[in-house]
Each structure stands twice: as structure tokens, then as C-alpha cells.
>>> print(open('data35.txt').read())   # compact mmCIF, C-alpha atoms and all ligand atoms
# COMPACT_ATOMS: atom_id res chain seq x y z
CA MET W 205 11.11 15.52 -18.77
CA PHE W 206 9.24 13.37 -16.21
CA VAL W 207 6.21 15.57 -15.55
CA PRO W 208 5.09 16.85 -18.97
CA SER W 209 1.71 17.55 -17.38
CA PHE W 210 -0.01 17.22 -14.03
CA VAL W 211 -3.53 17.61 -12.67
CA GLU W 212 -4.97 19.36 -9.61
CA GLN W 213 -8.31 18.81 -7.90
CA GLN W 214 -10.55 21.86 -7.66
CA PRO W 215 -12.95 22.69 -4.79
CA ASP W 216 -15.89 21.40 -6.90
CA GLY W 217 -14.17 18.01 -7.17
CA GLY W 218 -13.20 18.41 -10.84
CA TRP W 219 -9.61 18.16 -12.10
CA THR W 220 -7.66 20.72 -14.15
CA GLU W 221 -4.59 19.90 -16.20
CA THR W 222 -1.41 21.96 -16.41
CA ALA W 223 0.72 20.97 -19.42
CA ALA W 224 4.14 22.05 -20.62
CA ASP W 225 2.67 24.87 -22.72
CA THR W 226 0.68 26.30 -19.76
CA PRO W 227 2.15 29.34 -17.94
CA GLY W 228 3.45 28.33 -14.51
CA TRP W 229 4.12 24.69 -15.48
CA LEU W 230 7.93 24.84 -15.15
CA GLU W 231 7.81 26.57 -11.73
CA ALA W 232 5.26 24.01 -10.50
CA VAL W 233 7.33 21.06 -11.70
CA TYR W 234 10.41 22.32 -9.82
CA ARG W 235 8.53 23.10 -6.58
CA ASN W 236 9.16 20.83 -3.61
CA ALA W 237 5.67 19.33 -3.80
CA PRO W 238 4.03 16.13 -5.05
CA LEU W 239 2.13 16.38 -8.35
CA THR W 240 -0.70 14.11 -9.44
CA THR W 241 0.13 12.68 -12.85
CA ASP W 242 -2.52 10.02 -13.52
CA LEU W 243 -6.23 9.53 -12.77
CA ALA W 244 -8.49 6.49 -13.07
CA GLU W 245 -12.25 6.21 -13.18
CA THR W 246 -14.02 4.75 -10.15
CA ALA W 247 -17.02 2.41 -10.22
CA THR W 248 -19.27 5.37 -9.45
CA GLY W 249 -17.95 7.50 -12.36
CA GLY W 250 -15.64 9.74 -10.31
CA ARG W 251 -11.92 10.11 -10.98
CA VAL W 252 -9.18 9.49 -8.42
CA SER W 253 -5.43 9.95 -8.38
CA VAL W 254 -3.57 6.69 -9.10
CA SER W 255 -0.06 8.01 -9.74
CA SER W 256 1.96 11.04 -8.77
CA SER W 257 5.44 12.44 -8.94
CA THR W 258 6.79 12.24 -5.40
CA LYS W 259 7.80 15.45 -3.58
CA PRO W 260 11.46 15.83 -4.68
CA GLY W 261 12.70 16.47 -1.12
CA LEU W 262 11.10 13.20 0.00
CA MET W 263 12.70 11.26 -2.89
CA VAL W 264 16.11 12.56 -1.84
CA ARG W 265 15.45 11.83 1.84
CA MET W 266 14.54 8.23 0.97
CA LEU W 267 17.54 7.71 -1.34
CA ASP W 268 19.75 9.09 1.41
CA ALA W 269 18.20 6.80 4.08
CA MET W 270 18.71 3.78 1.78
CA ASP W 271 22.49 4.34 1.80
CA VAL W 272 22.96 3.30 -1.83
CA ARG W 273 26.52 2.27 -2.73
CA ASP W 274 28.25 2.06 -6.13
CA GLU W 275 27.83 -1.67 -6.71
CA HIS W 276 24.23 -1.95 -5.49
CA ARG W 277 21.34 -3.39 -7.50
CA VAL W 278 18.06 -1.68 -6.56
CA LEU W 279 14.44 -2.66 -7.09
CA GLU W 280 11.89 0.15 -7.06
CA ILE W 281 8.20 -0.66 -6.55
CA GLY W 282 6.09 2.11 -8.14
CA THR W 283 7.84 3.46 -11.28
CA GLY W 284 5.25 6.21 -11.75
CA THR W 285 6.75 9.00 -13.84
CA GLY W 286 10.21 7.37 -13.91
CA TYR W 287 11.74 10.34 -12.06
CA ASN W 288 13.11 8.35 -9.11
CA ALA W 289 14.28 5.55 -11.45
CA ALA W 290 16.24 8.20 -13.38
CA LEU W 291 17.95 9.37 -10.18
CA LEU W 292 18.89 5.75 -9.42
CA CYS W 293 20.19 5.24 -12.99
CA HIS W 294 22.29 8.38 -12.70
CA ARG W 295 23.78 7.15 -9.41
CA LEU W 296 24.26 3.43 -10.15
CA GLY W 297 24.12 2.92 -13.92
CA ASP W 298 20.96 1.65 -15.57
CA ASP W 299 22.06 -2.02 -15.51
CA ARG W 300 21.68 -1.94 -11.70
CA VAL W 301 18.19 -0.43 -11.65
CA PHE W 302 14.95 -2.44 -11.74
CA SER W 303 11.56 -0.79 -11.46
CA LEU W 304 7.97 -1.93 -11.82
CA ASP W 305 4.51 -0.42 -11.68
CA ILE W 306 1.04 -1.95 -11.86
CA GLY W 307 0.12 0.73 -14.43
CA ALA W 308 1.15 -0.60 -17.87
CA GLU W 309 0.82 2.81 -19.59
CA LEU W 310 2.83 4.45 -16.83
CA VAL W 311 5.66 1.98 -17.40
CA ASP W 312 5.60 2.59 -21.18
CA ALA W 313 5.74 6.36 -20.70
CA ALA W 314 8.55 6.07 -18.13
CA ARG W 315 10.52 3.79 -20.48
CA GLN W 316 10.33 6.38 -23.27
CA ARG W 317 11.34 9.27 -21.02
CA LEU W 318 14.28 7.34 -19.56
CA SER W 319 15.39 6.29 -23.03
CA THR W 320 15.43 9.94 -24.17
CA LEU W 321 18.03 10.50 -21.43
CA GLY W 322 19.99 7.43 -22.57
CA TYR W 323 18.85 5.13 -19.74
CA ALA W 324 17.43 1.63 -20.23
CA PRO W 325 16.80 0.16 -16.76
CA THR W 326 14.80 -3.08 -16.45
CA LEU W 327 11.15 -1.97 -16.27
CA MET W 328 8.09 -4.17 -15.86
CA ALA W 329 4.33 -3.76 -15.63
CA SER W 330 3.37 -6.06 -12.76
CA ASP W 331 2.09 -6.21 -9.20
CA GLY W 332 4.80 -4.99 -6.85
CA ALA W 333 3.61 -7.27 -4.04
CA ARG W 334 5.33 -10.12 -5.93
CA GLY W 335 8.58 -8.17 -6.39
CA MET W 336 10.74 -9.09 -9.39
CA PRO W 337 11.91 -12.64 -8.63
CA GLU W 338 13.56 -13.15 -12.02
CA HIS W 339 16.14 -10.43 -11.23
CA ALA W 340 16.58 -11.01 -7.47
CA PRO W 341 18.51 -10.73 -5.24
CA PHE W 342 18.65 -6.97 -4.76
CA ASP W 343 20.75 -4.95 -2.34
CA ARG W 344 17.92 -2.50 -1.79
CA ILE W 345 14.15 -2.51 -2.33
CA ILE W 346 12.40 0.86 -2.24
CA ALA W 347 8.62 1.16 -2.47
CA THR W 348 6.99 4.45 -3.41
CA CYS W 349 3.49 3.22 -2.58
CA SER W 350 2.33 2.17 0.89
CA VAL W 351 1.75 -1.46 1.91
CA PRO W 352 -0.55 -2.82 4.66
CA ALA W 353 2.22 -5.27 5.61
CA ILE W 354 5.66 -6.18 4.25
CA PRO W 355 5.00 -8.61 1.37
CA GLY W 356 6.54 -12.02 2.11
CA ASP W 357 8.08 -12.16 -1.40
CA TRP W 358 10.20 -9.07 -0.77
CA ILE W 359 12.02 -10.66 2.18
CA HIS W 360 13.51 -13.36 -0.02
CA GLN W 361 14.38 -10.97 -2.85
CA VAL W 362 16.63 -8.69 -0.80
CA ARG W 363 20.03 -10.20 -0.05
CA ASP W 364 21.07 -11.00 3.52
CA GLY W 365 22.15 -7.69 5.08
CA GLY W 366 20.28 -5.71 2.40
CA LEU W 367 17.66 -3.03 3.12
CA ILE W 368 13.97 -2.51 2.36
CA LEU W 369 12.51 1.00 2.61
CA THR W 370 8.74 1.24 2.44
CA ASP W 371 5.73 3.08 3.77
CA LEU W 372 3.90 0.72 6.18
CA LYS W 373 0.25 1.65 6.67
CA PRO W 374 -1.65 -1.38 8.01
CA THR W 375 -5.16 0.15 7.88
CA VAL W 376 -6.71 3.61 8.30
CA HIS W 377 -3.55 4.97 6.61
CA ALA W 378 -1.81 5.60 9.93
CA GLY W 379 1.80 4.47 9.58
CA ASN W 380 5.13 5.71 8.29
CA LEU W 381 8.30 4.94 6.32
CA VAL W 382 10.31 2.09 7.82
CA LEU W 383 13.86 1.00 6.93
CA LEU W 384 14.36 -2.73 7.48
CA GLN W 385 17.47 -4.89 7.25
CA ARG W 386 17.30 -8.56 6.37
CA THR W 387 19.08 -11.04 8.64
CA GLY W 388 18.29 -14.62 7.67
CA ASP W 389 14.55 -14.89 7.30
CA ARG W 390 13.72 -11.86 9.45
CA LEU W 391 13.61 -8.13 8.83
CA GLN W 392 14.29 -5.53 11.48
CA GLY W 393 14.73 -1.77 11.59
CA ARG W 394 13.37 1.59 12.60
CA PHE W 395 10.77 4.01 11.40
CA LEU W 396 12.16 7.20 9.85
CA ALA W 397 11.90 10.15 12.23
CA GLN W 398 9.96 12.36 9.81
CA TRP W 399 6.48 11.22 8.78
CA ALA W 400 5.63 10.72 5.08
CA GLY W 401 2.59 9.32 3.30
CA PHE W 402 2.38 7.53 -0.04
CA MET W 403 -0.67 6.38 -1.97
CA ALA W 404 -1.70 2.82 -1.09
CA MET W 405 -0.63 -0.14 -3.24
CA ARG W 406 -3.37 -1.13 -5.73
CA THR W 407 -4.23 -4.73 -6.61
CA ALA W 408 -5.03 -4.03 -10.29
CA ASP W 409 -4.30 -1.48 -13.05
CA THR W 410 -7.54 0.36 -12.23
CA ALA W 411 -8.80 2.79 -9.62
CA PRO W 412 -8.59 1.16 -6.18
CA ALA W 413 -11.84 -0.52 -5.12
CA SER W 414 -13.92 1.91 -3.04
CA ASP W 415 -13.39 1.70 0.70
CA GLY W 416 -16.50 -0.48 1.01
CA LEU W 417 -17.70 1.28 4.16
CA ARG W 418 -21.23 0.25 5.10
CA TYR W 419 -21.56 2.97 7.76
CA ILE W 420 -23.08 0.54 10.22
CA ASN W 421 -25.02 2.22 12.99
CA ASP W 422 -27.59 0.03 14.70
CA ASP W 423 -28.85 2.97 16.79
CA ASP W 424 -28.45 1.24 20.12
CA GLY W 425 -24.69 1.65 20.42
CA ALA W 426 -22.98 2.46 23.71
CA ARG W 427 -22.64 6.22 24.29
CA SER W 428 -19.73 8.04 25.90
CA THR W 429 -17.59 11.14 25.34
CA THR W 430 -13.98 11.74 24.37
CA GLN W 431 -11.56 14.64 24.51
CA LEU W 432 -9.49 13.26 21.63
CA GLU W 433 -9.71 14.57 18.09
CA PRO W 434 -11.36 11.84 16.00
CA PHE W 435 -9.05 11.90 12.95
CA PRO W 436 -6.12 9.53 12.29
CA TRP W 437 -3.99 12.45 11.06
CA ALA W 438 -4.50 14.29 14.39
CA MET W 439 -2.57 11.56 16.28
CA LEU W 440 -0.94 9.19 13.83
CA ILE W 441 1.15 7.14 16.26
CA PRO W 442 -1.73 6.14 18.61
CA TRP W 443 -3.88 5.24 15.58
CA PHE W 444 -0.99 3.20 14.15
CA LEU W 445 -0.37 1.35 17.44
CA THR W 446 -4.09 0.72 18.04
CA GLN W 447 -4.06 -1.57 15.04
CA SER W 448 -2.40 -4.11 17.34
CA HIS W 449 -5.80 -4.38 19.09
CA TYR W 450 -7.74 -5.11 15.95
CA ARG W 451 -7.93 -8.55 14.42
CA GLU W 452 -9.10 -7.23 11.07
CA ALA W 453 -8.75 -4.14 8.92
CA VAL W 454 -10.43 -0.96 10.15
CA GLN W 455 -11.83 1.51 7.63
CA PHE W 456 -12.21 5.22 8.26
CA GLY W 457 -14.82 7.56 6.74
CA LEU W 458 -16.87 10.69 7.31
CA ARG W 459 -20.66 10.78 7.47
CA ASP W 460 -23.64 13.11 7.52
CA ILE W 461 -21.89 15.70 5.35
CA THR W 462 -23.54 19.14 5.57
CA ASP W 463 -22.56 22.62 4.33
CA ASN W 464 -20.45 22.89 7.51
CA GLY W 465 -18.59 19.67 6.68
CA PRO W 466 -19.10 16.17 8.14
CA GLU W 467 -21.00 15.66 11.39
CA TRP W 468 -19.29 12.41 12.37
CA THR W 469 -16.12 10.44 11.80
CA HIS W 470 -16.80 6.74 11.40
CA ILE W 471 -14.70 3.58 11.71
CA GLU W 472 -15.88 0.02 11.13
CA THR W 473 -14.68 -3.51 10.47
CA GLU W 474 -15.86 -6.27 8.15
CA SER W 475 -17.25 -8.28 11.08
CA GLY W 476 -19.52 -5.45 12.23
CA SER W 477 -17.69 -3.44 14.87
CA TRP W 478 -18.21 0.30 14.47
CA ALA W 479 -17.66 3.62 16.23
CA GLN W 480 -18.69 7.18 15.47
CA VAL W 481 -17.31 10.37 16.99
CA ARG W 482 -18.75 13.87 16.55
CA VAL W 483 -16.47 16.15 14.58
CA HIS W 484 -17.43 19.27 16.56
CA ALA W 485 -16.78 19.25 20.31
CA ASP W 486 -19.23 20.47 22.90
CA GLY W 487 -16.70 22.28 25.13
CA ASP W 488 -13.84 19.78 25.39
CA ASP W 489 -16.04 16.75 24.86
CA ARG W 490 -17.12 14.95 21.74
CA GLU W 491 -19.93 12.44 21.63
CA VAL W 492 -18.95 8.79 20.93
CA VAL W 493 -21.27 5.95 19.91
CA GLN W 494 -19.94 2.44 19.31
CA GLY W 495 -21.19 -1.09 18.85
CA GLY W 496 -20.34 -4.57 17.61
CA PRO W 497 -17.99 -7.24 18.95
CA THR W 498 -14.91 -4.94 19.40
CA ARG W 499 -15.11 -1.49 21.03
CA LEU W 500 -12.98 0.20 18.39
CA TRP W 501 -12.94 3.65 19.99
CA ASP W 502 -12.18 2.30 23.49
CA ALA W 503 -9.13 0.52 22.03
CA LEU W 504 -7.93 3.82 20.61
CA GLU W 505 -8.45 5.61 23.94
CA ASP W 506 -6.50 2.83 25.76
CA THR W 507 -3.62 2.97 23.31
CA HIS W 508 -3.53 6.76 23.45
CA ARG W 509 -3.40 6.67 27.28
CA ARG W 510 -0.56 4.13 27.22
CA TRP W 511 1.33 6.20 24.62
CA ILE W 512 1.07 9.27 26.88
CA GLU W 513 2.32 7.18 29.87
CA LEU W 514 5.33 6.16 27.76
CA GLY W 515 6.17 9.85 27.19
CA SER W 516 4.43 10.27 23.80
CA PRO W 517 7.27 8.60 21.83
CA ASP W 518 7.76 9.89 18.30
CA TRP W 519 8.50 7.79 15.20
CA SER W 520 12.26 7.78 15.85
CA ARG W 521 11.70 5.67 19.00
CA LEU W 522 9.69 3.00 17.19
CA GLY W 523 11.04 -0.01 15.31
CA LEU W 524 9.67 -3.09 13.60
CA THR W 525 10.57 -6.78 13.44
CA VAL W 526 9.03 -8.98 10.74
CA THR W 527 9.60 -12.64 11.63
CA GLY W 528 10.03 -15.52 9.20
CA ASN W 529 6.36 -16.47 9.57
CA GLY W 530 5.22 -12.92 8.73
CA ASP W 531 4.42 -11.60 12.22
CA HIS W 532 4.88 -7.83 12.50
CA VAL W 533 6.00 -6.62 15.94
CA VAL W 534 6.43 -2.89 16.62
CA TRP W 535 8.78 -2.09 19.53
CA LEU W 536 9.78 0.94 21.58
CA ASP W 537 13.49 1.93 21.55
CA THR W 538 14.96 -1.59 21.18
CA PRO W 539 13.54 -4.96 20.09
CA ASP W 540 13.95 -6.37 23.63
CA SER W 541 12.78 -3.29 25.60
CA GLY W 542 9.71 -5.20 26.76
CA THR W 543 7.32 -2.64 25.26
CA SER W 544 5.89 -3.86 21.97
CA TRP W 545 2.72 -4.04 19.93
CA SER W 546 1.94 -7.01 17.71
CA LEU W 547 0.15 -6.11 14.50
CA GLU W 548 -2.59 -8.68 14.13
CA SER W 549 -3.03 -11.26 11.41
CA HIS W 550 -4.77 -8.89 9.00
CA ALA W 551 -1.29 -7.50 8.45
CA ARG W 552 -0.38 -9.96 5.68
CA VAL W 553 0.18 -9.40 1.96
C1 LIG S 601 3.72 7.97 -5.74
S1 LIG S 601 3.62 7.08 -7.22
C2 LIG S 601 5.31 6.68 -7.60
C3 LIG S 601 6.21 7.81 -7.90
C4 LIG S 601 7.42 7.43 -8.71
N1 LIG S 601 8.38 6.64 -7.97
C5 LIG S 601 8.04 8.63 -9.35
O1 LIG S 601 9.26 8.82 -9.23
O2 LIG S 601 7.33 9.34 -10.04
C6 LIG S 601 3.04 5.49 -6.69
C7 LIG S 601 3.02 4.47 -7.79
O3 LIG S 601 2.77 3.20 -7.23
C8 LIG S 601 2.09 2.45 -8.22
N2 LIG S 601 1.48 1.26 -7.66
C9 LIG S 601 0.31 1.15 -6.96
N3 LIG S 601 0.06 -0.14 -6.67
C10 LIG S 601 1.07 -0.86 -7.20
C11 LIG S 601 1.38 -2.24 -7.23
N4 LIG S 601 0.57 -3.17 -6.68
N5 LIG S 601 2.50 -2.62 -7.86
C12 LIG S 601 3.33 -1.74 -8.44
N6 LIG S 601 3.09 -0.41 -8.44
C13 LIG S 601 1.99 0.02 -7.83
C14 LIG S 601 1.10 3.45 -8.78
O4 LIG S 601 0.62 3.04 -10.06
C15 LIG S 601 1.92 4.73 -8.81
O5 LIG S 601 2.50 4.96 -10.07
>>> encode(input="data35.txt", output="C-alpha cells")
Amino acid sequence: MFVPSFVEQQPDGGWTETAADTPGWLEAVYRNAPLTTDLAETATGGRVSVSSSTKPGLMVRMLDAMDVRDEHRVLEIGTGTGYNAALLCHRLGDDRVFSLDIGAELVDAARQRLSTLGYAPTLMASDGARGMPEHAPFDRIIATCSVPAIPGDWIHQVRDGGLILTDLKPTVHAGNLVLLQRTGDRLQGRFLAQWAGFMAMRTADTAPASDGLRYINDDDGARSTTQLEPFPWAMLIPWFLTQSHYREAVQFGLRDITDNGPEWTHIETESGSWAQVRVHADGDDREVVQGGPTRLWDALEDTHRRWIELGSPDWSRLGLTVTGNGDHVVWLDTPDSGTSWSLESHARV
């Protein structure tokens, strides 16, 4: 019902569609895997995924973590196919379910599918960063796209004691699901133990703007070596915590792509800090070159060292407080343990 067709990217970069009349469609739709369901054209003529049906096991894990009760009113950010909204309608009744997506056609399609099942939740095509003030307060807000910071509008739209569950990925997509409870004008809670990644929130009903990387390299950067793997996904928690050292967003990319893959990973900031690390190690060591006002790679090495000293804590030992003025503080074990990382001012929506 909710995934009448999906698309898959092929090694040559093209996309193939599997529709309801294609052999294998039904098995694929019931697999415990995410499925891309919508593409949008980029400025350079490529096509990128802008909506997907979430992995069913992850949907259930999130609904479980949210601790939904009979009388709850729930706002979902990211209607997508309407699948998760249908689960919420089944559990709570459609008059308690509110869902929005920035994709107007996605919302129309979801409305039709839900109506076929006899559900008419409140659906809207709008930017989820603003929430749905006309129907607030909600007992729960669940976002199925990632945010760089908790949007200020959400805090006031969840009732006191209510919960927000979202994927927090400040920059470089290193972050995780966090479950926050509102008390007064602050939010506080813990990261979920198991990592999950959602597509990033868009600012318009189009393909997201390209990453804008300029691949700065002024050729006289400082040279050193590292024994760390240079990818965010190789050590998500240190990359996540390092964002407390940066005063602006850090972008990640790959450069000098050859038949053997990329030669370098690259990170840079708007104000001109940059670092490059060789993908292939020479023995245990990889070459590092960095320049600009902030030594981006050194900050990562420092944070990684500190994380090892703390016993390599996993997500279940990390929590987050969002204060009334929007500061995001990540803490180890308890809010007053004395070990914390303050996400810098770029973490605002
Ligand atoms: C992983 S999909 C959602 C899956 C969906 N919950 C389901 O059950 O199929 C993420 C969705 O977030 C939406 N999205 C991205 N940016 C948004 C924004 N600013 N406001 C609302 N929705 C947004 C995308 O259009 C996409 O449909």
C-alpha cells in the first residue's frame, strides 16, 4: 500500500525502478530494509534520493522508544510514504496523528493511501523546522529526517513532560537518534544505544543544495601523519563530539577520484579551514595536510584521544541538554558528571 514502487541506484549511478507488477517487488517491500521512494534533480542534472520508506525495524524501534500511550497526540516530521503515519493512526486513532512533509506531492500521495485504509490524519505540506503550531501542543514529536540542531519551535510545541525523538546530526552527518523530555523551557535526554541515520532535513521541496565544498588546498598546509581512519562512519562518536571544537559547520568530501577510488578525504569550513587525509595508509600511517584558521584534523585527533581516555563510551553513555536559549550540551553519563561537550553556535535551526 505505501510502497507501490521504489528505486535503487546502480553502480553506474543510474536508478532503476521496481513497481508492483515487477517480480520481486512484494518480497523487497517486506524486507527489513529502507527503500528509496522519491528522487529530485540536482542543479548539475543528477538525481538524488529525497524520500524513502524507513527500515521497518527502525520504525518500530523508534515507536517503542517514544512510549506512545492511548491518549497521546503525536506530530511526525517527514510523512514520506505515509507508512509510519499509518502505524500511528492504527495505534492512536487518526484524530491524534499529525504529520507533515516538505514534499507537497509526497503528502498528497500519503493522504490518498491513508484514506484507502480509512484514515484521515491531519497532513500538511510545510517545513518541519517550524513544526505545526496551529495544532500544538503535542505529547510526542518524532522526526524521520535528521536535524543539525533541535529547532527552537519544537520545544514550545511539545507539552511539558512530553518527548521529542529525532536524529541529531550537527554537521558531517555524525550523530544519532536522541530522545529528549521537555521540562519548562529545556529539553534533556539520552541518545539511543543503537546508531541510526536518516536523510538530512531539506529547506525546500527540491533536491538539497549541493554540499558547496570548494576543496580548498593552498599547497602550503602543515603536514603530519595519523593512524586514524579518515571517515566519519569509521568513528562516529569522536566525529560527533569534535563538532564542539568547531565554530561553524564542517563539510566532508572525497577528492582526486581514480579507478581505485578517492585518494583523499577532505573537510573544510566556510571561513577557510581545511584538512585532507590520504585514504590509503602507508603501513599504519596516513598523510595529513591541513591549513586555515582552525586545525580541523588536530581537533579530531584531540577528541579521539580524550574519548579513548574516557573508555571509548558508546552512545548509551551520552546525553544532551538543550537550554532555553538554544545551547546544545552533550554530557557523559549524567548532566552533572563534569564531562561535557558544548556544540557551538552553528548548531541552531
Ligand atoms: C526517511 S523519509 C520519511 C519516511 C516516512 N516517515 C515513512 O514512513 O515513509 C524523510 C522525509 O523527510 C522529509 N523532509 C525533508 N526535509 C523536510 C522538512 N524540512 N520538513 C518536513 N519534511 C522534510 C523528506 O521529504 C522525506 O519524505
>>> residues_near_point(input="data35.txt", point="(-8.1, 9.7, -13.4)", cutoff="8 Å", atoms="all atoms listed in the file", output="PyMOL selection string")
chain W and resi 242-245+251-254+411
>>> residues_near_ligand(input="data35.txt", ligand="ligand LIG 601 (chain S)", cutoff="8 Å", atoms="all atoms listed in the file", output="PyMOL selection string")
chain W and resi 206+242+254-258+263+280-289+304-307+310+329-333+347-349+402-409
>>> atom_distance(input="data35.txt", atom1="atom CA of Phe444 of chain W", atom2="atom CA of Ala378 of chain W")
4.9 Å
>>> residues_around(input="data35.txt", residues="Glu212 of chain W", least_positions_apart="4", cutoff="10 Å", atoms="all atoms listed in the file", output="list in words")
Gly217, Gly218, Trp219, Thr220, Glu221, Thr222, Leu239, Thr240, Thr241 and Ser253 of chain W
>>> closest_residue(input="data35.txt", among="W:Lys259, W:Arg265, W:His532, W:Arg386", to="Arg344 of chain W", atoms="only C-alpha atoms")
W:Arg386
>>> build_atoms(input="data35.txt", residues="segment 209-239 of chain W", atoms="N, CA and C atoms", output="PDB file, keeping the file's coordinate frame")
ATOM      1  N   SER W 209       2.960  16.915 -17.805  1.00  0.00           N
ATOM      2  CA  SER W 209       1.710  17.550 -17.380  1.00  0.00           C
ATOM      3  C   SER W 209       1.324  16.973 -16.023  1.00  0.00           C
ATOM      4  N   PHE W 210       0.507  17.734 -15.311  1.00  0.00           N
ATOM      5  CA  PHE W 210      -0.010  17.220 -14.030  1.00  0.00           C
ATOM      6  C   PHE W 210      -1.420  17.752 -13.850  1.00  0.00           C
ATOM      7  N   VAL W 211      -2.157  17.178 -12.904  1.00  0.00           N
ATOM      8  CA  VAL W 211      -3.530  17.610 -12.670  1.00  0.00           C
ATOM      9  C   VAL W 211      -3.705  18.017 -11.206  1.00  0.00           C
ATOM     10  N   GLU W 212      -4.673  18.908 -10.977  1.00  0.00           N
ATOM     11  CA  GLU W 212      -4.970  19.360  -9.610  1.00  0.00           C
ATOM     12  C   GLU W 212      -6.460  19.315  -9.395  1.00  0.00           C
ATOM     13  N   GLN W 213      -6.877  18.883  -8.194  1.00  0.00           N
ATOM     14  CA  GLN W 213      -8.310  18.810  -7.900  1.00  0.00           C
ATOM     15  C   GLN W 213      -8.802  20.185  -7.459  1.00  0.00           C
ATOM     16  N   GLN W 214      -9.951  20.561  -7.977  1.00  0.00           N
ATOM     17  CA  GLN W 214     -10.550  21.860  -7.660  1.00  0.00           C
ATOM     18  C   GLN W 214     -11.591  21.685  -6.545  1.00  0.00           C
ATOM     19  N   PRO W 215     -11.986  22.801  -5.896  1.00  0.00           N
ATOM     20  CA  PRO W 215     -12.950  22.690  -4.790  1.00  0.00           C
ATOM     21  C   PRO W 215     -14.244  21.983  -5.197  1.00  0.00           C
ATOM     22  N   ASP W 216     -14.649  22.075  -6.487  1.00  0.00           N
ATOM     23  CA  ASP W 216     -15.890  21.400  -6.900  1.00  0.00           C
ATOM     24  C   ASP W 216     -15.673  19.917  -7.195  1.00  0.00           C
ATOM     25  N   GLY W 217     -14.450  19.428  -6.967  1.00  0.00           N
ATOM     26  CA  GLY W 217     -14.170  18.010  -7.170  1.00  0.00           C
ATOM     27  C   GLY W 217     -13.605  17.693  -8.544  1.00  0.00           C
ATOM     28  N   GLY W 218     -13.732  18.640  -9.489  1.00  0.00           N
ATOM     29  CA  GLY W 218     -13.200  18.410 -10.840  1.00  0.00           C
ATOM     30  C   GLY W 218     -11.673  18.527 -10.857  1.00  0.00           C
ATOM     31  N   TRP W 219     -11.074  18.133 -11.981  1.00  0.00           N
ATOM     32  CA  TRP W 219      -9.610  18.160 -12.100  1.00  0.00           C
ATOM     33  C   TRP W 219      -9.219  19.095 -13.246  1.00  0.00           C
ATOM     34  N   THR W 220      -8.170  19.894 -13.055  1.00  0.00           N
ATOM     35  CA  THR W 220      -7.660  20.720 -14.150  1.00  0.00           C
ATOM     36  C   THR W 220      -6.239  20.279 -14.473  1.00  0.00           C
ATOM     37  N   GLU W 221      -5.898  20.372 -15.762  1.00  0.00           N
ATOM     38  CA  GLU W 221      -4.590  19.900 -16.200  1.00  0.00           C
ATOM     39  C   GLU W 221      -3.665  21.100 -16.475  1.00  0.00           C
ATOM     40  N   THR W 222      -2.432  20.974 -16.065  1.00  0.00           N
ATOM     41  CA  THR W 222      -1.410  21.960 -16.410  1.00  0.00           C
ATOM     42  C   THR W 222      -0.362  21.238 -17.243  1.00  0.00           C
ATOM     43  N   ALA W 223      -0.226  21.639 -18.513  1.00  0.00           N
ATOM     44  CA  ALA W 223       0.720  20.970 -19.420  1.00  0.00           C
ATOM     45  C   ALA W 223       1.896  21.886 -19.693  1.00  0.00           C
ATOM     46  N   ALA W 224       2.873  21.341 -20.412  1.00  0.00           N
ATOM     47  CA  ALA W 224       4.140  22.050 -20.620  1.00  0.00           C
ATOM     48  C   ALA W 224       3.969  23.405 -21.300  1.00  0.00           C
ATOM     49  N   ASP W 225       2.861  23.574 -22.059  1.00  0.00           N
ATOM     50  CA  ASP W 225       2.670  24.870 -22.720  1.00  0.00           C
ATOM     51  C   ASP W 225       1.824  25.833 -21.885  1.00  0.00           C
ATOM     52  N   THR W 226       1.507  25.442 -20.620  1.00  0.00           N
ATOM     53  CA  THR W 226       0.680  26.300 -19.760  1.00  0.00           C
ATOM     54  C   THR W 226       1.611  27.180 -18.915  1.00  0.00           C
ATOM     55  N   PRO W 227       1.311  28.503 -18.799  1.00  0.00           N
ATOM     56  CA  PRO W 227       2.150  29.340 -17.940  1.00  0.00           C
ATOM     57  C   PRO W 227       2.186  28.770 -16.515  1.00  0.00           C
ATOM     58  N   GLY W 228       3.330  28.803 -15.887  1.00  0.00           N
ATOM     59  CA  GLY W 228       3.450  28.330 -14.510  1.00  0.00           C
ATOM     60  C   GLY W 228       3.845  26.872 -14.385  1.00  0.00           C
ATOM     61  N   TRP W 229       3.815  26.136 -15.531  1.00  0.00           N
ATOM     62  CA  TRP W 229       4.120  24.690 -15.480  1.00  0.00           C
ATOM     63  C   TRP W 229       5.530  24.422 -14.945  1.00  0.00           C
ATOM     64  N   LEU W 230       6.530  25.126 -15.515  1.00  0.00           N
ATOM     65  CA  LEU W 230       7.930  24.840 -15.150  1.00  0.00           C
ATOM     66  C   LEU W 230       8.171  25.107 -13.654  1.00  0.00           C
ATOM     67  N   GLU W 231       7.631  26.234 -13.161  1.00  0.00           N
ATOM     68  CA  GLU W 231       7.810  26.570 -11.730  1.00  0.00           C
ATOM     69  C   GLU W 231       7.168  25.475 -10.880  1.00  0.00           C
ATOM     70  N   ALA W 232       5.980  25.027 -11.288  1.00  0.00           N
ATOM     71  CA  ALA W 232       5.260  24.010 -10.500  1.00  0.00           C
ATOM     72  C   ALA W 232       6.054  22.708 -10.460  1.00  0.00           C
ATOM     73  N   VAL W 233       6.619  22.333 -11.605  1.00  0.00           N
ATOM     74  CA  VAL W 233       7.330  21.060 -11.700  1.00  0.00           C
ATOM     75  C   VAL W 233       8.587  21.066 -10.817  1.00  0.00           C
ATOM     76  N   TYR W 234       9.194  22.234 -10.642  1.00  0.00           N
ATOM     77  CA  TYR W 234      10.410  22.320  -9.820  1.00  0.00           C
ATOM     78  C   TYR W 234      10.144  22.702  -8.372  1.00  0.00           C
ATOM     79  N   ARG W 235       8.852  22.847  -7.995  1.00  0.00           N
ATOM     80  CA  ARG W 235       8.530  23.100  -6.580  1.00  0.00           C
ATOM     81  C   ARG W 235       8.751  21.835  -5.759  1.00  0.00           C
ATOM     82  N   ASN W 236       9.008  22.011  -4.465  1.00  0.00           N
ATOM     83  CA  ASN W 236       9.160  20.830  -3.610  1.00  0.00           C
ATOM     84  C   ASN W 236       7.789  20.367  -3.145  1.00  0.00           C
ATOM     85  N   ALA W 237       7.039  19.774  -4.102  1.00  0.00           N
ATOM     86  CA  ALA W 237       5.670  19.330  -3.800  1.00  0.00           C
ATOM     87  C   ALA W 237       5.340  18.124  -4.682  1.00  0.00           C
ATOM     88  N   PRO W 238       4.452  17.247  -4.188  1.00  0.00           N
ATOM     89  CA  PRO W 238       4.030  16.130  -5.050  1.00  0.00           C
ATOM     90  C   PRO W 238       3.070  16.650  -6.113  1.00  0.00           C
ATOM     91  N   LEU W 239       3.041  15.974  -7.265  1.00  0.00           N
ATOM     92  CA  LEU W 239       2.130  16.380  -8.350  1.00  0.00           C
ATOM     93  C   LEU W 239       1.391  15.147  -8.852  1.00  0.00           C
TER      94      LEU W 239
END
